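Taking it in order: structure first as structure tokens, then the write-up.
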Amino acid sequence: MSLSDSARPAAPKSPPLGDVSADIGRVIAIFRRRWPLLVSVAAVAFALAVFATLQMTPQYVGSASVLIDTRKHEPVNVEEAISGGWPSDTSIIDTEVEILKSHALAGRVVETLKLDDDPEFNWALRKPSRLMTLLQAPLRALSGGDTATAGTLSDVQRTQIHEAVVDQVLGRLGVRRSGGTYVVELSFQSQDPAKAALIANTFADKYLVEQIEAKYEAAQRSTLWLNQRLAQLQPQVEQAEAAVEQYKAQHGLLASVGSTLTQQEISNINTSLDAAKADAAEKDARVANALQQAQSGGNGENLTGPLASPTIAGLRTQQSAASAKVADLESKYGPKHPEVLRAQRELADTDTQITQEIARNVANLQTEDQIARQRVASLEASLSGAKGTLIGNNAASVELADLQRRADAASTLYDSLLNRAKQTSVDQGGEQSDARVLSHAQIPVRASSPNLPVNLALGLMLGLACGLGVVVGLEAMDSGLGTSEDVESRFGVPHLGSVPLLASTIEGGRTKARTPPEYVTQNPLSGFAEAFRNLRASIVFSKVDSKVRVIGITSALPGEGKSTTAVCLAQAMAFSGAKVVVVDCDLRHASISHSLEGDHVVGLVEVLQGVTKLEDALVRDERSGTWFLPVSNATHTPKDMFGSLAMDRLLQELRQKFEFVVLDTAPVIAVADTRLLAAKCDVVVLLAQWRKTPRKAIQVALGLLTSVGADVAGIALTLVDMHSQARYGYGDAGYYYKSLQNYYTQTSGASLRPKAASARRPRQPAR
């Protein structure tokens with residue numbers, strides 16, 4: 001069929017995807033159609049939830065609170081003092097929570113309380129149920145005896161059971177932080193309320209003990225490591241210090257009070273040299289003064305400084321006395337008196353002594369000055385030698401400094417480790433836990449589970465979820481066509497009509513008629529017959545630019561009500577006064593021919609072969625006025641029967657004799673002959689069984705028909721359950737079936753019902 005045919009009415013458009021009302025309608029339709037299944041699944045799931053709840057063993061929860069106190073007792077700054085010393089890093093609390101949930105801590109609790117011997121946690125100690133006893137019987141028979149008891153378990157089995165018990169305990173343990181605080185709540189679930197409280201408290205106590213033990217073990221490990229390290233460092237420190245001292249001795253770098261001996265020697269020489277120079281200068285000055293005084297002459301009465309010695313002073317006194325005596329004698333006796341001359345000689349002796357004493361003093365001063373000069377020269381020579389030695393020492397001090405740094409580093413590290421070892425030894429044994437138990441678990445008085453209201457609510461929600469899941473799954477797996485919207489939106493061809501399932505249109509589902517054609521004949525005004533009149537109208541007006549005469553009825557797969565639809569459609573046309581013939585073109589399964597009464601000696605094949613005339617092969621149903629061209633009972637199916645010129649001539653002859661020619665063909669996918677016939681028809685009606693025929697098969701059938709140029713008028717749905725369609729096809733005509741059901745009368749119209757009671761071969765040829 002060409003969808004661009006301008007004369008054909010456009011197919012109604014499906015609601016857009018964004019149409020909220022249409023989407024809600026589809027959901028409502030799905031619910032109306034599937035609600036029994038939804039309710040059934042939900043009820044079963046809810047019943048299972050109730051049964052499971054009633055079978056559950058009551059569980060009790062014991063809760064204890066632990067405060068993780070990691071504050072410093074001596075705040076190191078003002079901010080910590082103001083904030084109370086609480087650390088700002090909450091990862092510490094998260095770490096402690098993980099420790100509380102650790103496998104090791106749970107194992108210690110299991111060992112302390114001997115939970116390995118508790119049947120609640122050790123499945124091996126539980127009494128087997130009857131079902132388990134029945135299941136274990138074959139195992140015991142195969143093993144030749146009873147299964148292993150607790151006393152015969154291997155080490156691996158005991159370890160596996162222990163690990164399973166620990167996992168059981170961890171599975172029942174709840175550890176959570178209370179909001180943003182440093183309080184951690186421990187909860188444990190058990191069948192025994194006292195046991196639940198005991199295990200929760202044991203977890204809290206073991207956690208505190210484990211903290212102390214962890215600190216003690218850490219201190220022990222630290223002490224051991226420090227001692228080992230000190231033992232390693234001590235010889236290194238001694239060796240480094242010995243190397244420094246040895247190097248000092250080898251290079252004369254011995255020091256005293258912070259400086260080397262050479263430096264002290266230079267300092268002393270400098271001091272002595274300065275003093276010697278000063279002394280030499282002083283002596284130079286005294287010698288120069290003495291020489292000046294000596295050269296000036298005189299008898300020593302004006303001598304000062306180094307020449308003013310006590311001896312000279314005494315001689316000067318004698319000189320004065322002698323001079324006074326001479327003067328006195330001269331005044332008495334005259335210059336020539338012997339006493340005067342003797343006195344003059346004494347005065348001359350005194351002057352000579354003074355001159356000699358002055359010369360001797362000058363010589364002494366010169367000698368001292370020479371000695372001072374020599375001492376200065378000696379000190380300068382010593383200073384020069386000491387400076388040379390110091391230069392050599394400074395070169396050696398570079399290596400000494402490196403050795404000293406190494407010795408100092410080793411000594412510093414040794415002293416630090418030694419102090420830490422002493423502090424660790426002092427602190428060891430005084431460890432305290434960073435946590436404390438705020439409140440111990442009390443024995444619960446009420447069971448925490450099962451919570452009947454909650455379980456019932458969850459069971460109801462689970463049931464609804466399961467029901468919805470089943471409904472959604474069935475909808476997803478539903479590959480058939482259910483409504484006209486499905487036909488038009490998925491394949492782009494018109495929906496010609498829906499052929500109902502006869503039982504679904506009759507109240508009570510029973511009828512006296514044996515077949516649908518008989519029911520249409522007996523009840524021409526029924527809703528079932530009206531469906532075929534609607535199909536007839538859709539087919540006739542599918543092409544407005546030309547008259548529809550030859551109608552091909554086919555389907556994608558067998559068993560889709562094709563033959564019944566063809567016969568009932570022809571009857572509906574005959575009731576409207578048209579002359580109609582139904583040609584049974586399904587040579588392999590001639591359903592129409594087999595339903596006709598009588599023995600058919602000749603039929604379609606014989607007409608095409610020229611063995612008999614068309615008039616002799618036609619059969620007329622007197623009740624409906626419909627003509628049939630059957631297939632004879634002894635027909636052998638030749639090849640390429642419908643593609644021959646004889647078939648073209650037959651169709652042309654049928655067009656001249658009848659107003660409508662209905663061809664009941666074989667399924668288009670199964671038989672290639674159908675495609676040959678489809679190309680010769682004015683229109684082809686493709687039938688699809690309601691909600692049964694796969695969409696892929698319909699797509700293939702449409703492709704095959706289109707490939708041969710067949711004009712597909714549209715798709716008609718067959719065997720439609722009108723009761724289900726009223727729930728299924730939202731917006732479809734069948735959706736309003738209940739509203740229209742009473743409109744159709746079940747009484748037959750006399751003017752529309754033929755008088756004949758059976759189908760028989762006509763006495764005269766049809767014209």
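Order determines the names: the first chain of the structure tokens is A, the second B, and so forth; residues in each chain are numbered 1 upward, and ligands are numbered 1 upward as they are shown.
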- Message: Residues near stretch 118-126 of chain A, anyone? I mean within 8 Å using only C-alpha atoms, not counting same-chain ones fewer than 6 positions away, as a list in words.
- Response: Ala150, Ile161, Ala164, Val165, Gln168, Val169 and Gln191 of chain A
- Query: Which distance in Å separates atom CA of A:Ala64 and atom CA of A:Ala214, to one decimal?
  - Reply: 22.1 Å
- Shell of 12 Å around A:Val454, only C-alpha atoms, local chain residues under 5 positions omitted, as a ChimeraX atom specification: /A:49-50,53,448-449,459-462
- Query: Closest to A:Leu413 among A:Gln370, A:Asn268, A:Ser542, A:Gln234, using only C-alpha atoms?
  - Reply: A:Gln234
- Task: Run DSSP on the backbone and give me the residues of stretch 564-740 of chain A it puts in strand (DSSP E), as JSON, numbers by chain.
- Result: {"A": [580, 581, 582, 583, 584, 619, 620, 621, 626, 627, 628, 629, 660, 661, 662, 663, 664, 683, 684, 685, 686, 687, 688, 689, 712, 713, 714, 715, 716, 717, 718, 719, 720]}
- Query: Which neighbours of A:Thr521 fall inside 7 Å, counting only C-alpha atoms, when residues of the same chain fewer than 3 positions from it are skipped, and could you give them as a PyMOL selection string?
  - Reply: chain A and resi 517-518+524+623-624+753
- Item | Nearby residues (only C-alpha atoms) at most 8 Å from stretch 172-182 of chain A, same-chain spacing under 4 positions excluded, as a ChimeraX atom specification | /A:67-69,93,97,100-101,168,186-190
- Message: So that I can see what lies close to A:Ile371, please list as number ranges by chain the residues with an atom at most 10 Å from it, counting only C-alpha atoms and leaving out residues fewer than 4 positions away in the same chain.
- Response: A: 276, 280, 283, 365-367, 375-377
- Within 10 Å of A:Gln689, counting only C-alpha atoms, which residues qualify if same-chain residues fewer than 4 places away don't, as a ChimeraX atom specification? /A:480-482,498-499,555-562,693-694,716-720
Pull C-alpha atoms from the residues just selected and write them as a PDB file, in the first residue's frame.
```pdb
ATOM      1  CA  GLY A 480       1.565  -8.328  20.248  1.00  0.00           C
ATOM      2  CA  LEU A 481      -0.807  -5.577  19.156  1.00  0.00           C
ATOM      3  CA  GLY A 482      -3.577  -4.522  21.495  1.00  0.00           C
ATOM      4  CA  SER A 498     -11.183  -5.301  15.415  1.00  0.00           C
ATOM      5  CA  VAL A 499     -12.841  -8.685  15.024  1.00  0.00           C
ATOM      6  CA  SER A 555      -2.161 -12.923   7.805  1.00  0.00           C
ATOM      7  CA  ALA A 556       1.441 -13.207   8.855  1.00  0.00           C
ATOM      8  CA  LEU A 557       1.112 -16.561  10.604  1.00  0.00           C
ATOM      9  CA  PRO A 558      -1.438 -19.403  10.624  1.00  0.00           C
ATOM     10  CA  GLY A 559      -4.257 -19.635  13.164  1.00  0.00           C
ATOM     11  CA  GLU A 560      -5.168 -15.951  13.248  1.00  0.00           C
ATOM     12  CA  GLY A 561      -8.847 -16.285  12.244  1.00  0.00           C
ATOM     13  CA  LYS A 562      -8.255 -15.514   8.599  1.00  0.00           C
ATOM     14  CA  THR A 693       0.951 -12.177  16.683  1.00  0.00           C
ATOM     15  CA  PRO A 694       4.529 -10.953  17.190  1.00  0.00           C
ATOM     16  CA  ALA A 716      -7.324  -5.688  11.354  1.00  0.00           C
ATOM     17  CA  LEU A 717      -7.066  -7.296  14.795  1.00  0.00           C
ATOM     18  CA  THR A 718      -8.825 -10.644  15.229  1.00  0.00           C
ATOM     19  CA  LEU A 719      -9.994 -12.773  18.161  1.00  0.00           C
ATOM     20  CA  VAL A 720     -10.236  -9.697  20.386  1.00  0.00           C
TER      21      VAL A 720
END
```
- Item | Of the listed residues A:Leu452, A:Val183, A:Leu704, A:Leu604, that which approaches A:Val582 most closely, counting only C-alpha atoms | A:Leu604
